[in-house]
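J.: Structure file query_0.cif (mmCIF, C-alpha atoms) right here:
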data_query
loop_
_atom_site.label_atom_id
_atom_site.label_comp_id
_atom_site.auth_asym_id
_atom_site.auth_seq_id
_atom_site.Cartn_x
_atom_site.Cartn_y
_atom_site.Cartn_z
CA MET N 1 107.96 109.01 -33.42
CA THR N 2 109.11 107.56 -36.71
CA THR N 3 106.87 104.78 -37.88
CA LEU N 4 107.97 101.73 -39.83
CA THR N 5 106.35 103.35 -42.86
CA ASP N 6 108.47 106.49 -42.47
CA ARG N 7 111.58 104.38 -42.24
CA TYR N 8 110.53 102.33 -45.25
CA VAL N 9 109.80 105.41 -47.38
CA ASP N 10 113.08 107.02 -46.32
CA ALA N 11 115.04 103.90 -47.14
CA THR N 12 113.45 103.85 -50.60
CA VAL N 13 113.68 107.49 -51.65
CA ARG N 14 117.20 108.10 -50.43
CA ARG N 15 118.35 105.71 -53.14
CA LEU N 16 116.67 107.81 -55.84
CA PRO N 17 117.91 110.87 -57.74
CA PRO N 18 116.81 114.00 -55.79
CA HIS N 19 114.47 115.31 -58.48
CA GLN N 20 112.37 112.13 -58.36
CA ARG N 21 112.10 111.99 -54.58
CA PRO N 22 109.14 114.26 -53.63
CA ASP N 23 106.75 112.86 -56.22
CA ILE N 24 107.58 109.22 -55.58
CA GLU N 25 107.48 109.70 -51.81
CA ARG N 26 104.03 111.26 -52.00
CA GLU N 27 102.67 108.49 -54.19
CA LEU N 28 104.32 105.73 -52.18
CA ARG N 29 102.90 107.06 -48.90
CA THR N 30 99.40 107.19 -50.38
CA SER N 31 99.72 103.67 -51.74
CA ILE N 32 100.90 102.33 -48.39
CA ALA N 33 98.12 104.20 -46.56
CA ASP N 34 95.51 102.79 -48.98
CA ALA N 35 96.77 99.26 -48.43
CA LEU N 36 96.82 99.80 -44.64
CA ASP N 37 93.20 101.01 -44.62
CA ASP N 38 92.10 97.92 -46.49
CA ARG N 39 93.76 95.54 -44.05
CA ILE N 40 92.55 97.41 -40.96
CA GLU N 41 89.02 97.41 -42.33
CA ALA N 42 89.35 93.66 -42.75
CA GLY N 43 90.02 93.41 -39.02
CA GLU N 44 93.81 93.44 -38.65
CA SER N 45 95.49 95.50 -35.95
CA PRO N 46 97.33 98.61 -37.30
CA ALA N 47 100.71 97.16 -36.34
CA GLU N 48 100.04 93.80 -38.03
CA ALA N 49 98.70 95.59 -41.09
CA GLU N 50 101.76 97.85 -41.37
CA THR N 51 104.17 94.93 -41.14
CA ALA N 52 102.19 92.94 -43.71
CA VAL N 53 101.98 95.83 -46.19
CA LEU N 54 105.69 96.67 -45.99
CA THR N 55 106.68 93.01 -46.19
CA ALA N 56 104.62 92.68 -49.37
CA LEU N 57 106.38 95.73 -50.85
CA GLY N 58 109.69 94.02 -50.18
CA ASP N 59 113.28 95.23 -49.91
CA PRO N 60 113.39 99.05 -50.32
CA SER N 61 116.58 98.80 -52.36
CA ARG N 62 114.83 96.63 -54.96
CA LEU N 63 111.85 98.94 -55.07
CA ALA N 64 114.18 101.93 -55.48
CA ALA N 65 116.08 100.15 -58.25
CA GLY N 66 112.76 99.62 -60.04
CA TYR N 67 111.95 103.33 -59.79
CA ALA N 68 115.40 104.48 -60.76
CA ASP N 69 115.38 102.04 -63.67
CA ARG N 70 119.09 101.49 -63.29
CA PRO N 71 121.21 98.35 -63.35
CA LEU N 72 121.85 96.58 -60.06
CA HIS N 73 125.19 95.32 -61.31
CA LEU N 74 128.58 96.93 -61.70
CA ILE N 75 129.45 95.25 -65.01
CA GLY N 76 126.69 93.64 -67.02
CA PRO N 77 126.61 90.58 -69.27
CA GLY N 78 127.41 92.69 -72.36
CA LEU N 79 130.85 93.62 -71.04
CA TYR N 80 131.59 90.85 -68.56
CA VAL N 81 133.54 88.63 -70.94
CA ASP N 82 135.67 91.54 -72.19
CA TYR N 83 136.24 92.70 -68.63
CA ILE N 84 137.50 89.31 -67.49
CA ARG N 85 139.75 89.00 -70.54
CA VAL N 86 141.36 92.41 -70.08
CA LEU N 87 141.77 91.82 -66.35
CA THR N 88 143.27 88.35 -66.77
CA ALA N 89 145.58 89.46 -69.55
CA LEU N 90 146.91 92.37 -67.51
CA LEU N 91 147.31 90.37 -64.32
CA ALA N 92 148.98 87.48 -66.09
CA THR N 93 151.53 89.62 -67.90
CA VAL N 94 152.16 92.80 -65.94
CA VAL N 95 152.36 91.34 -62.43
CA PRO N 96 155.07 88.76 -63.25
CA THR N 97 157.03 91.30 -65.32
CA VAL N 98 157.02 93.93 -62.57
CA THR N 99 157.84 91.27 -59.98
CA VAL N 100 160.84 90.00 -61.95
CA ILE N 101 162.15 93.52 -62.67
CA VAL N 102 161.83 94.69 -59.06
CA CYS N 103 163.43 91.47 -57.82
CA LEU N 104 166.36 91.73 -60.27
CA VAL N 105 167.03 95.41 -59.65
CA ASP N 106 166.94 94.97 -55.87
CA ALA N 107 169.06 91.84 -55.99
CA LEU N 108 171.63 93.51 -58.28
CA GLY N 109 171.68 96.46 -55.88
CA GLY N 110 172.93 94.06 -53.21
CA ASP N 111 169.99 94.35 -50.79
CA PRO N 112 169.62 91.66 -48.10
CA VAL N 113 167.60 88.65 -49.29
CA LEU N 114 164.66 89.29 -46.94
CA ASP N 115 164.38 92.91 -48.14
CA VAL N 116 164.40 91.74 -51.74
CA ILE N 117 161.61 89.22 -51.04
CA GLY N 118 159.63 91.81 -49.09
CA SER N 119 159.82 94.56 -51.71
CA THR N 120 159.16 92.08 -54.53
CA LEU N 121 155.99 90.73 -52.89
CA GLY N 122 154.95 94.29 -52.03
CA ALA N 123 155.40 95.43 -55.63
CA ALA N 124 153.49 92.41 -56.96
CA PHE N 125 150.60 93.03 -54.57
CA THR N 126 150.42 96.77 -55.28
CA THR N 127 150.53 96.20 -59.03
CA ALA N 128 147.79 93.54 -58.91
CA THR N 129 145.56 95.71 -56.70
CA ASN N 130 145.99 98.73 -58.94
CA ILE N 131 145.22 96.76 -62.07
CA ALA N 132 142.08 95.25 -60.52
CA VAL N 133 140.78 98.58 -59.26
CA TRP N 134 141.43 100.61 -62.41
CA VAL N 135 140.19 97.99 -64.87
CA THR N 136 137.00 97.55 -62.84
CA LEU N 137 136.46 101.30 -62.66
CA PHE N 138 137.07 101.63 -66.38
CA PHE N 139 134.49 98.99 -67.30
CA ALA N 140 131.98 100.26 -64.73
CA ILE N 141 132.19 103.65 -66.46
CA ILE N 142 131.69 102.08 -69.90
CA GLU N 143 128.72 100.15 -68.49
CA ARG N 144 127.10 103.37 -67.24
CA THR N 145 127.79 105.52 -70.31
CA PRO N 146 125.36 104.50 -73.04
CA ALA N 147 127.26 106.61 -75.60
CA LEU N 148 130.28 104.36 -75.11
CA ARG N 149 128.39 101.13 -75.51
CA TRP N 150 128.71 99.31 -78.77
CA THR N 151 125.24 98.17 -79.75
CA PRO N 152 124.27 96.38 -82.93
CA SER N 153 122.78 98.89 -85.33
CA ARG N 154 119.07 98.79 -85.91
CA HIS N 155 119.07 97.76 -89.55
CA TRP N 156 121.58 95.00 -89.68
CA THR N 157 122.63 93.52 -92.99
CA PRO N 158 125.42 91.04 -93.63
CA THR N 159 127.43 93.83 -95.26
CA ALA N 160 127.76 95.32 -91.78
CA LEU N 161 130.00 92.40 -90.82
CA PRO N 162 133.37 93.78 -89.83
CA THR N 163 136.07 93.62 -92.47
CA PRO N 164 139.48 92.42 -91.30
CA PRO N 165 140.98 93.20 -88.89
CA SER N 166 137.97 91.76 -87.10
CA ARG N 167 136.69 92.94 -83.75
CA ARG N 168 138.44 89.98 -82.20
CA ALA N 169 141.76 91.04 -83.66
CA ARG N 170 141.10 94.61 -82.57
CA PHE N 171 140.30 93.35 -79.09
CA THR N 172 143.64 91.60 -78.96
CA GLU N 173 145.23 94.88 -80.06
CA LEU N 174 143.40 96.64 -77.28
CA ILE N 175 144.66 94.15 -74.70
CA VAL N 176 148.23 94.43 -75.98
CA GLU N 177 147.93 98.21 -75.84
CA SER N 178 146.62 98.05 -72.25
CA ILE N 179 149.47 95.77 -71.19
CA ALA N 180 152.03 98.02 -72.87
CA PHE N 181 150.47 101.04 -71.20
CA VAL N 182 150.55 99.51 -67.70
CA LEU N 183 154.15 98.30 -68.10
CA PHE N 184 155.21 101.67 -69.49
CA THR N 185 153.53 103.61 -66.65
CA THR N 186 154.87 101.25 -64.03
CA PHE N 187 158.37 101.74 -65.42
CA ILE N 188 158.04 105.52 -65.43
CA LEU N 189 156.62 105.63 -61.91
CA LEU N 190 159.30 103.28 -60.57
CA ALA N 191 162.09 105.09 -62.44
CA PRO N 192 163.14 107.40 -59.57
CA VAL N 193 163.69 104.48 -57.16
CA LEU N 194 164.68 101.68 -59.51
CA SER N 195 168.02 102.12 -61.14
CA PRO N 196 170.93 99.77 -61.76
CA LYS N 197 173.37 102.59 -60.76
CA SER N 198 173.79 104.22 -57.37
CA ASP N 199 175.70 107.29 -56.28
CA ALA N 200 178.41 107.39 -53.59
CA ALA N 201 175.78 107.57 -50.80
CA GLY N 202 174.05 104.45 -52.17
CA ASN N 203 171.01 106.33 -53.51
CA PRO N 204 169.78 105.27 -56.94
CA ILE N 205 170.67 107.57 -59.84
CA PRO N 206 167.39 107.89 -61.77
CA VAL N 207 167.36 106.94 -65.45
CA LEU N 208 164.85 109.68 -66.26
CA SER N 209 165.45 113.37 -65.74
CA PRO N 210 164.50 114.56 -62.21
CA TRP N 211 163.13 117.69 -63.93
CA LEU N 212 160.08 115.62 -64.91
CA TRP N 213 159.21 115.04 -61.25
CA ASP N 214 160.19 118.48 -60.01
CA THR N 215 157.77 120.10 -62.42
CA GLY N 216 155.10 117.40 -62.22
CA MET N 217 155.37 117.06 -66.01
CA VAL N 218 155.64 113.28 -65.67
CA TYR N 219 152.08 113.16 -64.29
CA VAL N 220 150.81 115.34 -67.12
CA PHE N 221 152.43 112.93 -69.57
CA ILE N 222 150.92 109.86 -67.85
CA ALA N 223 147.50 111.55 -67.79
CA LEU N 224 147.76 112.15 -71.55
CA VAL N 225 148.74 108.52 -72.12
CA VAL N 226 145.77 107.37 -69.98
CA ALA N 227 143.48 109.56 -72.10
CA SER N 228 145.00 108.06 -75.22
CA LEU N 229 144.32 104.52 -73.96
CA GLY N 230 140.80 105.68 -73.12
CA ALA N 231 140.45 106.83 -76.75
CA SER N 232 141.30 103.31 -77.92
CA PHE N 233 138.52 101.90 -75.73
CA VAL N 234 136.08 104.51 -76.98
CA ARG N 235 136.93 103.59 -80.57
CA TYR N 236 136.39 99.94 -79.78
CA TYR N 237 133.07 100.30 -77.95
CA ALA N 238 131.50 103.38 -79.53
CA HIS N 239 130.00 103.66 -82.98
CA TRP N 240 132.11 105.46 -85.53
CA SER N 241 131.20 109.11 -85.87
CA ALA N 242 133.15 112.09 -87.12
CA PRO N 243 133.28 113.93 -83.75
CA VAL N 244 134.41 110.79 -81.90
CA ALA N 245 137.09 110.16 -84.54
CA VAL N 246 138.41 113.73 -84.35
CA VAL N 247 138.48 113.80 -80.54
CA CYS N 248 140.20 110.39 -80.40
CA LEU N 249 142.80 111.58 -82.93
CA LEU N 250 143.56 114.73 -80.94
CA VAL N 251 143.81 112.77 -77.71
CA GLU N 252 146.18 110.28 -79.34
CA LEU N 253 148.38 113.03 -80.78
CA ALA N 254 148.92 114.71 -77.40
CA PRO N 255 151.43 112.28 -75.81
CA PRO N 256 153.82 112.05 -78.82
CA ILE N 257 153.73 115.84 -79.27
CA LEU N 258 154.58 116.36 -75.60
CA MET N 259 157.31 113.73 -75.93
CA ILE N 260 158.86 115.57 -78.88
CA TRP N 261 158.88 118.80 -76.90
CA LEU N 262 160.44 117.06 -73.87
CA ALA N 263 163.09 115.38 -75.98
CA ALA N 264 163.93 118.57 -77.88
CA ASN N 265 164.54 120.30 -74.53
CA ASP N 266 166.66 117.49 -73.02
CA HIS N 267 164.06 116.75 -70.35
CA ILE N 268 163.80 112.97 -70.73
CA ALA N 269 167.03 111.13 -69.98
CA ASN N 270 169.03 111.99 -66.87
CA GLN N 271 172.49 113.33 -67.81
CA ALA N 272 173.86 112.15 -64.44
CA PHE N 273 172.79 108.60 -65.22
CA LEU N 274 174.30 108.68 -68.72
CA ASP N 275 177.57 109.94 -67.20
CA THR N 276 177.82 106.90 -64.92
CA LEU N 277 177.65 104.65 -67.97
CA GLY N 278 180.75 106.33 -69.35
CA TRP N 279 179.23 106.72 -72.81
CA PRO N 280 180.24 109.59 -75.13
CA ASP N 281 178.71 113.05 -74.60
CA THR N 282 176.65 112.77 -77.76
CA THR N 283 174.60 109.93 -76.24
CA MET N 284 171.99 112.35 -74.90
CA SER N 285 171.31 113.89 -78.29
CA TRP N 286 171.10 110.44 -79.90
CA VAL N 287 168.62 109.28 -77.26
CA ASN N 288 166.54 112.39 -77.89
CA ARG N 289 166.65 111.92 -81.67
CA GLY N 290 165.56 108.32 -81.24
CA LEU N 291 162.63 109.35 -79.05
CA ILE N 292 161.58 112.05 -81.53
CA VAL N 293 161.58 109.51 -84.35
CA ILE N 294 159.43 107.13 -82.25
CA ALA N 295 157.00 109.98 -81.45
CA ALA N 296 156.86 110.96 -85.12
CA ILE N 297 156.02 107.37 -86.07
CA ALA N 298 153.25 107.39 -83.44
CA ILE N 299 151.83 110.60 -84.94
CA VAL N 300 151.89 109.25 -88.49
CA SER N 301 150.29 105.98 -87.40
CA ALA N 302 147.55 107.84 -85.47
CA PHE N 303 146.65 109.74 -88.66
CA GLY N 304 146.82 106.56 -90.73
CA GLU N 305 144.60 104.63 -88.31
CA THR N 306 142.05 107.45 -88.18
CA ALA N 307 141.93 107.61 -91.98
CA ARG N 308 141.53 103.82 -92.23
CA ARG N 309 138.67 103.78 -89.72
CA ALA N 310 137.00 106.72 -91.43
CA ARG N 311 137.07 104.65 -94.64
CA VAL N 312 135.52 101.51 -93.12
CA ARG N 313 133.49 103.48 -90.57
CA GLY N 314 134.57 101.07 -87.88
CA MET R 315 111.26 71.97 -61.21
CA ASP R 316 112.65 74.09 -58.41
CA ASP R 317 110.61 77.07 -57.26
CA GLU R 318 113.06 79.75 -58.22
CA LEU R 319 113.33 78.53 -61.81
CA LEU R 320 109.57 78.19 -62.04
CA SER R 321 109.02 81.73 -60.79
CA THR R 322 111.60 83.09 -63.23
CA HIS R 323 109.82 81.48 -66.17
CA LEU R 324 106.39 82.58 -65.00
CA GLN R 325 107.68 86.10 -64.52
CA GLU R 326 109.15 86.19 -68.02
CA LEU R 327 105.94 84.88 -69.55
CA ARG R 328 103.80 87.43 -67.69
CA ARG R 329 106.02 90.49 -67.98
CA GLY R 330 104.39 92.03 -71.03
CA THR R 331 100.87 91.02 -70.08
CA VAL R 332 100.88 93.35 -67.06
CA VAL R 333 101.79 96.26 -69.34
CA LEU R 334 98.94 95.43 -71.68
CA ALA R 335 96.49 95.00 -68.79
CA CYS R 336 97.48 98.36 -67.31
CA LEU R 337 97.10 100.14 -70.65
CA LEU R 338 93.63 98.63 -71.06
CA ILE R 339 92.44 99.33 -67.50
CA LEU R 340 93.79 102.88 -67.45
CA ARG R 341 91.61 103.97 -70.32
CA GLN R 342 89.63 105.00 -67.22
CA PRO R 343 91.94 107.11 -64.99
CA ASN R 344 92.94 105.34 -61.81
CA TYR R 345 95.60 105.42 -59.07
CA GLY R 346 98.24 102.90 -58.01
CA TYR R 347 96.61 100.95 -55.22
CA ALA R 348 93.18 100.80 -56.88
CA LEU R 349 94.81 99.60 -60.09
CA LEU R 350 96.52 96.85 -58.12
CA GLU R 351 93.13 95.70 -56.85
CA VAL R 352 91.51 95.80 -60.28
CA LEU R 353 94.39 93.73 -61.68
CA GLU R 354 93.95 91.21 -58.87
CA GLN R 355 90.18 90.98 -59.37
CA HIS R 356 90.73 90.15 -63.01
CA GLY R 357 93.27 87.50 -62.15
CA PHE R 358 96.53 89.25 -62.96
CA ALA R 359 99.07 88.34 -60.30
CA VAL R 360 101.35 91.36 -59.91
CA ASP R 361 103.30 92.67 -56.94
CA ALA R 362 102.98 96.25 -55.75
CA ASN R 363 106.73 96.68 -55.97
CA THR R 364 106.61 95.74 -59.66
CA LEU R 365 103.52 97.74 -60.53
CA TYR R 366 104.43 101.14 -59.01
CA PRO R 367 107.79 101.48 -60.78
CA LEU R 368 106.19 100.10 -63.97
CA LEU R 369 103.62 102.93 -63.98
CA ARG R 370 106.44 105.46 -63.76
CA ARG R 371 108.28 103.82 -66.64
CA LEU R 372 105.20 103.77 -68.84
CA GLU R 373 104.61 107.42 -68.01
CA LYS R 374 108.20 108.26 -68.95
CA GLN R 375 107.70 106.44 -72.25
CA GLY R 376 104.65 108.59 -72.92
CA LEU R 377 102.22 105.66 -72.81
CA LEU R 378 100.50 106.98 -69.69
CA THR R 379 99.80 110.50 -68.50
CA SER R 380 99.31 111.44 -64.88
CA ASP R 381 97.61 114.05 -62.70
CA TRP R 382 97.62 114.63 -59.00
CA ASN R 383 94.13 114.67 -57.57
CA THR R 384 94.19 116.66 -54.33
CA GLU R 385 90.45 117.06 -53.87
CA GLU R 386 90.12 114.07 -51.57
CA SER R 387 91.63 113.78 -48.10
CA ARG R 388 94.56 111.81 -49.53
CA PRO R 389 96.34 113.21 -52.59
CA ARG R 390 96.45 110.56 -55.32
CA LYS R 391 98.33 110.32 -58.55
CA PHE R 392 95.89 109.28 -61.28
CA TYR R 393 97.24 107.63 -64.40
CA ARG R 394 95.49 107.50 -67.74
CA THR R 395 96.41 105.76 -70.98
CA SER R 396 97.65 108.28 -73.56
CA ARG R 397 96.88 108.15 -77.25
CA GLU R 398 100.18 106.37 -77.93
CA GLY R 399 99.38 104.02 -75.05
CA ALA R 400 96.00 103.17 -76.54
CA ALA R 401 97.57 102.51 -79.93
CA LEU R 402 100.17 100.26 -78.33
CA ALA R 403 97.44 98.44 -76.39
CA GLU R 404 95.65 97.73 -79.65
CA THR R 405 98.81 96.35 -81.26
CA LEU R 406 99.65 94.26 -78.22
CA SER R 407 96.09 92.90 -77.98
CA ALA R 408 96.23 91.81 -81.61
CA ASP R 409 99.55 90.15 -80.94
CA TRP R 410 98.16 88.40 -77.89
CA ASP R 411 95.25 87.04 -79.98
CA ALA R 412 97.69 85.86 -82.64
CA LEU R 413 99.77 84.11 -79.99
CA HIS R 414 96.68 82.48 -78.53
CA THR R 415 95.73 81.15 -81.94
CA ALA R 416 99.27 79.98 -82.52
CA PHE R 417 99.26 78.02 -79.26
CA ARG R 418 95.90 76.47 -80.03
CA SER R 419 97.11 75.30 -83.42
CA LEU R 420 100.31 74.04 -81.85
CA LYS R 421 98.34 71.89 -79.44
CA GLY R 422 96.08 70.67 -82.25
CA GLU R 423 92.92 72.26 -80.87
CA SER R 424 91.76 73.92 -84.05
#
Hey, can you dump this file as structure tokens for me?
T.:
Amino acid sequence: MTTLTDRYVDATVRRLPPHQRPDIERELRTSIADALDDRIEAGESPAEAETAVLTALGDPSRLAAGYADRPLHLIGPGLYVDYIRVLTALLATVVPTVTVIVCLVDALGGDPVLDVIGSTLGAAFTTATNIAVWVTLFFAIIERTPALRWTPSRHWTPTALPTPPSRRARFTELIVESIAFVLFTTFILLAPVLSPKSDAAGNPIPVLSPWLWDTGMVYVFIALVVASLGASFVRYYAHWSAPVAVVCLLVELAPPILMIWLAANDHIANQAFLDTLGWPDTTMSWVNRGLIVIAAIAIVSAFGETARRARVRG
Amino acid sequence: MDDELLSTHLQELRRGTVVLACLLILRQPNYGYALLEVLEQHGFAVDANTLYPLLRRLEKQGLLTSDWNTEESRPRKFYRTSREGAALAETLSADWDALHTAFRSLKGES
């Protein structure tokens, strides 16, 4: 028969990392047995004694948290304010933007009013849920990765005060970058279904090349952009160090390089969509040239930013 | 003052004193439950669920060392203050004395 003590010990150790379990279990059982002996000697019945001892030890999850020496919160006070600001900024900007775009595109496509309302509310809800989940996950990871946590250095002198742009300005930059990222990704992911032009059968003609979806390349690109946004967060929260700077630079170079390759191979814009606009045949090559220039600017600015941060070590 | 607030403040004030008391007591090796009793006898109010994890933390920090004693009917983990632990205990004791003096002077007793 399992005793209360067995159940208590189980409830405690199963919350601990496996390598700590045997030793802590052994010690905990001895400690409980010692306490039981004392109470029984003092005249209590074994059952009373067991209840009293376990009650005094308290909630197993708290005891386990003490042993594991880990936080009992998802996002601690050090990050909470930043977390709320990023979350609010994204919700307040991205959700209305996506809602308006979906509503306009559907309405222009001539859908019935109820369908338009339904898909608009659906899009708003999905966007808000995604933002909440991913932002929370992102900050929970930062919270649990000490290497990513910005901590004041041990020997602080006033010269360590950040030179402009200040951390606050950089935080605003970070928020703007996050908003741009979410809008950009939302646009790309919605691109196959959202289009102002439809074919004869009434299906939307995608703005972006279907090749991107057929090959899965679009997901590779989004993954690289996510990594690049991650690099911005790392640079904000982590101390400057040469390896971090180099890795962040490489991660930030990946999306523009891929974009140049895609543009050079005519894999971005959808020729069928451009045809419906009735623009000249050279449009495609101009679009690609434009995208290559934008990517080149992104590459130059990534190098410039890395060099600037290396200089101020920030 | 409400009870919860009071207990928070008491807990904060006492937090470091339990560490110091453990480091001093464990100059003689001892095991968890017995240590709890010694602390109680000397008037240190500490809960078992605070003390047991604390011993592990101090061991991890190298302030205590431990050995399993399996000679008796019940295997027990004995903790002992390490050299670093003893040095820390000395520093903390000195600090405690300084604080005591500071409070006395604050209250105009000396």
J.: Starting from the shown file, work through the PyMOL selection byres ((chain N) within 8 of (chain R)) and note down what comes out as a ChimeraX atom specification.
T.: /N:26-27,30-31,34-35,56-58,63,66-67,69
J.: Restricted to C-alpha atoms, what would the selected residues look like written as a PDB file, in the frame of the given file?
T.:
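Wrote it out as out.pdb, contents follow:
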ATOM      1  CA  ARG N  26     104.030 111.260 -52.000  1.00  0.00           C
ATOM      2  CA  GLU N  27     102.670 108.490 -54.190  1.00  0.00           C
ATOM      3  CA  THR N  30      99.400 107.190 -50.380  1.00  0.00           C
ATOM      4  CA  SER N  31      99.720 103.670 -51.740  1.00  0.00           C
ATOM      5  CA  ASP N  34      95.510 102.790 -48.980  1.00  0.00           C
ATOM      6  CA  ALA N  35      96.770  99.260 -48.430  1.00  0.00           C
ATOM      7  CA  ALA N  56     104.620  92.680 -49.370  1.00  0.00           C
ATOM      8  CA  LEU N  57     106.380  95.730 -50.850  1.00  0.00           C
ATOM      9  CA  GLY N  58     109.690  94.020 -50.180  1.00  0.00           C
ATOM     10  CA  LEU N  63     111.850  98.940 -55.070  1.00  0.00           C
ATOM     11  CA  GLY N  66     112.760  99.620 -60.040  1.00  0.00           C
ATOM     12  CA  TYR N  67     111.950 103.330 -59.790  1.00  0.00           C
ATOM     13  CA  ASP N  69     115.380 102.040 -63.670  1.00  0.00           C
TER      14      ASP N  69
END
J.: What's the 12 Å shell around N:Phe221, counting only C-alpha atoms, without same-chain residues fewer than 2 positions away, as a VMD selection string?
T.: chain N and resid 184 to 185 188 to 189 212 to 213 215 to 219 223 to 228 251 to 262 268
J.: Neighbours of stretch 176-179 of chain N within 10 Å (only C-alpha atoms; same-chain residues fewer than 2 positions away dropped), as a list of chain:residue names?
T.: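 Neighbouring residues, sequence-local ones excluded: N:Val86, N:Leu87, N:Ala89, N:Leu90, N:Leu91, N:Ala92, N:Thr93, N:Val94, N:Val135, N:Arg170, N:Phe171, N:Thr172, N:Glu173, N:Leu174, N:Phe181, N:Val182, N:Leu183, N:Phe184, N:Thr185, N:Val226, N:Leu229, N:Gly230, N:Ser232, N:Phe233.
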J.: Excluding R:Leu406 and any residue of its chain fewer than 6 positions from it, enumerate the residues within 12 Å of it, using all atoms listed in the file, and give them as a CSV table (one decimal) with C-alpha atoms, keeping the file's coordinate frame.
T.:
chain,number,residue,atom,x,y,z
R,330,GLY,CA,104.4,92.0,-71.0
R,331,THR,CA,100.9,91.0,-70.1
R,332,VAL,CA,100.9,93.4,-67.1
R,333,VAL,CA,101.8,96.3,-69.3
R,334,LEU,CA,98.9,95.4,-71.7
R,335,ALA,CA,96.5,95.0,-68.8
R,336,CYS,CA,97.5,98.4,-67.3
R,337,LEU,CA,97.1,100.1,-70.6
R,338,LEU,CA,93.6,98.6,-71.1
R,399,GLY,CA,99.4,104.0,-75.0
R,400,ALA,CA,96.0,103.2,-76.5
R,412,ALA,CA,97.7,85.9,-82.6
R,413,LEU,CA,99.8,84.1,-80.0
J.: Rounded to one decimal, what separation in Å do you get between atom CA of N:Ser209 and atom CA of N:Leu250?
T.: 26.7 Å
J.: Give me the residues within 10 Å of N:Ser285 as a list in words, counting only C-alpha atoms and dropping any in the same chain fewer than 4 places off.
T.: Ala263, Ala264, Asp266, Ala269, Asp281, Arg289, Gly290 and Leu291 of chain N
J.: Check what the PyMOL selection byres ((chain N and resi 121-132) around 7) selects in the file above and give those residues as a PyMOL selection string.
T.: chain N and resi 87+91+95+98-99+117-120+133-136
J.: Here is a test: counting all atoms listed in the file, which residue of N:Arg235, N:Ala33, N:Ala64, N:Ala52 is nearest to N:Arg14?
T.: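 The closest residue to N:Arg14 is N:Ala64.
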J.: For a test of reading the model, state the distance in Å between atom CA of N:Trp279 and atom CA of N:Asp106, rounded to one decimal.
T.: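 Separation between atom CA of N:Trp279 and atom CA of N:Asp106: 24.0 Å.
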J.: So which one's closest to R:Leu327, R:Gln375, R:Ser419, R:Asp381, R:Trp410? Using only C-alpha atoms, please.
T.: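 Selected residue with least distance to R:Leu327: R:Trp410.
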J.: If I take atom CA of N:Phe273 and atom CA of N:Leu208, how far is one from the other in Å, to one decimal?
T.: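 We find that atom CA of N:Phe273 and atom CA of N:Leu208 lie 8.1 Å from each other.
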J.: Can you list, as an mmCIF file with C-alpha atoms, keeping the file's coordinate frame, every protein, DNA or RNA residue that comes within 7 Å of R:Tyr393 when you count only C-alpha atoms, leaving out same-chain residues fewer than 2 positions away?
T.:
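See out.cif below for the written result:
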data_model
loop_
_atom_site.group_PDB
_atom_site.id
_atom_site.type_symbol
_atom_site.label_atom_id
_atom_site.label_comp_id
_atom_site.auth_asym_id
_atom_site.auth_seq_id
_atom_site.Cartn_x
_atom_site.Cartn_y
_atom_site.Cartn_z
ATOM 1 C CA LEU R 340 93.790 102.880 -67.450
ATOM 2 C CA PRO R 343 91.940 107.110 -64.990
ATOM 3 C CA ASN R 344 92.940 105.340 -61.810
ATOM 4 C CA TYR R 345 95.600 105.420 -59.070
ATOM 5 C CA LEU R 378 100.500 106.980 -69.690
ATOM 6 C CA THR R 379 99.800 110.500 -68.500
ATOM 7 C CA SER R 380 99.310 111.440 -64.880
ATOM 8 C CA ASP R 381 97.610 114.050 -62.700
ATOM 9 C CA LYS R 391 98.330 110.320 -58.550
ATOM 10 C CA THR R 395 96.410 105.760 -70.980
#
J.: Would you mind telling me which residue in N:Ala310, N:Val207, N:Val244, N:Ile24 lies nearest to N:His267 when using all atoms listed in the file?
T.: N:Val207
J.: When you write stretch 373-379 of chain R out from the block above, keep N, CA and C atoms and present the result as a short mmCIF file (atom, residue, chain, number, x, y, z; two decimals), in the first residue's frame, please.
T.:
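The file below, selection_18.cif, is the result:
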data_model
loop_
_atom_site.label_atom_id
_atom_site.label_comp_id
_atom_site.auth_asym_id
_atom_site.auth_seq_id
_atom_site.Cartn_x
_atom_site.Cartn_y
_atom_site.Cartn_z
N GLU R 373 25.62 23.50 -0.03
CA GLU R 373 26.56 22.47 -0.48
C GLU R 373 27.01 22.77 -1.91
N LYS R 374 26.05 23.15 -2.75
CA LYS R 374 26.37 23.45 -4.14
C LYS R 374 27.33 24.64 -4.23
N GLN R 375 27.19 25.57 -3.28
CA GLN R 375 28.07 26.75 -3.28
C GLN R 375 29.43 26.43 -2.65
N GLY R 376 29.60 25.20 -2.20
CA GLY R 376 30.88 24.80 -1.63
C GLY R 376 31.07 25.24 -0.19
N LEU R 377 30.00 25.69 0.47
CA LEU R 377 30.13 26.16 1.85
C LEU R 377 29.95 25.00 2.84
N LEU R 378 29.29 23.94 2.37
CA LEU R 378 29.12 22.73 3.16
C LEU R 378 29.64 21.56 2.33
N THR R 379 30.10 20.51 3.03
CA THR R 379 30.38 19.25 2.34
C THR R 379 29.43 18.22 2.94
#
